[in-house]
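Peer 1: Below you'll find the structure I mean.
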Amino acid sequence: MGHAAEGGSVALALDLLGVFFFALSGSLLAARRQFDLVGSLLLASLTGLGGGVIRDLVLGVTPIAFSSPVYLAPPLLATLVVFFLHARVERLGKPLLVFDAAGLGLFCTTGAIKALDLGMNPVAAAVLGVTTGVGGGLLRDVVANRDPQLFDTRDLYAIPAMLGAGLVTLAWVLGWSSVWVTLAVAMLVFLLRILSLRFRWVAPHAVLRPRAE
C-alpha cells in the first residue's frame, strides 16, 4: 500500500509539473503577444490543461482539471512567474521551446498511461498519449493566432510524442510499467525534442521532392 501511495504521489507530481511547464509556455507567448494578465492566465490554462481535457472527454470521464482543483494551481503559478519574473525567464534562452518540450515529454507519457489504466487498448492509448502531449500546444497557437508548432516543417514535434507514448505503452504491455519508466521515457522525449531543435532535424515532407539538377 505504501509503495502504491508513493507511486501515485509521484505520478501526480509529474502530471502537475507537465501542466506547469506547458502553462509557462502559454503565459510566455501571451506576454510576447502583449496580452493582459487575464489573457495570460487563460492562455496558460488552455495550454496546460487543454490536452488532458481532450483526452478525458474521449475517455468519457470528467476532465481531471475540473474534478481536482489542484490542477488549476500550476497555470496560476506560471502566470505569476511570468508576470513578476518575465525578464529573468526570457534570459534563460529560448524558454518557450524548452518549457514546451518538457511539457510534451511529461504529457505524452502520462496521457498514455491514464488511457491504459482506464481500459483502452494499447494502440488507442498511444494515440491519446500523443493527443495529450500536442493538444494544449495546438490550442495555444491557434488562440494566439500563431502557426501551430505541430505543423512546423523546420523541427520535430509530433514524432517525439509518438515515440514517448509508444514506449510507455510497450512497457505497459510487457509488464514493465512504473513511474520511473514513465519519467525516463519523458526525459528521452524531452532530449529528442531539444536535440531536434539544436541540430535542425526535420521529418520528411508529405511529397517526395525531386533533387535540383
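So you can find residues: chains in the C-alpha cells are A, B, ... in the order shown, residues in each start at 1, and ligands are numbered from 1 in order.
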Show which residues sit within 8 Å of range 188-195 of chain A, as number ranges by chain. Count only C-alpha atoms, and ignore same-chain residues fewer than 6 positions away.

Peer 2: A: 98, 101-102, 104-105, 156-157, 160-161, 163-164, 201

Peer 1: Quick one: everything within 9 Å of range 107-111 of chain A, counting only C-alpha atoms, minus sequence neighbours fewer than 2 positions away in the same chain. Send it as a ChimeraX atom specification.

Peer 2: /A:11,14-15,18-19,51-52,55,102-105,113-116,125-126,128-134,160-169,182-183,185-186,189

Peer 1: List every residue of range 5-174 of chain A that DSSP, applied to the backbone of this structure, places in helix (DSSP H, G or I), and write the result as a PyMOL selection string.

Peer 2: chain A and resi 5-32+37-59+64-67+69-90+95-117+122-143+149-151+158-173

Peer 1: Counting only C-alpha atoms, which residues of range 4-74 of chain A fall within 9 Å of range 143-151 of chain A, and what is the closest atom pair for each with its distance in Å at one decimal, ordered by chain and rising number, as a Markdown table?

Peer 2:
```
| residue | atom | partner | partner_atom | distance |
| --- | --- | --- | --- | --- |
| A:Leu29 | CA | A:Ala144 | CA | 7.8 |
| A:Ala30 | CA | A:Ala144 | CA | 7.4 |
| A:Arg33 | CA | A:Ala144 | CA | 7.6 |
| A:Leu43 | CA | A:Val143 | CA | 7.9 |
```

Peer 1: Work out how far apart CA of Ala124 in chain A and CA of Leu197 in chain A are and give it in Å to one decimal.

Peer 2: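 Distance between the two atoms: 28.5 Å.
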
Peer 1: Which residue out of A:Ala87, A:Leu41, A:Leu77, A:Ala206 has the minimum interatomic distance to Phe21 in chain A when only C-alpha atoms are used?

Peer 2: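 Ranking A:Ala87, A:Leu41, A:Leu77, A:Ala206 by distance to Phe21 in chain A, first place goes to A:Leu77.
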
Peer 1: Using only C-alpha atoms, which of A:Ala23, A:Ala203, A:Ala31, A:Leu59 sits nearest Met120 in chain A?

Peer 2: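 So, comparing all the options, the nearest one is A:Leu59.
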
Peer 1: CA of Ser178 in chain A and CA of Pro63 in chain A, how far apart in Å?

Peer 2: 23.1 Å

Peer 1: Kindly give the distance, in Å, that separates CA of Ala184 in chain A and CA of Asp56 in chain A, rounded to a single decimal.

Peer 2: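 Here the two named atoms are 24.0 Å from each other.
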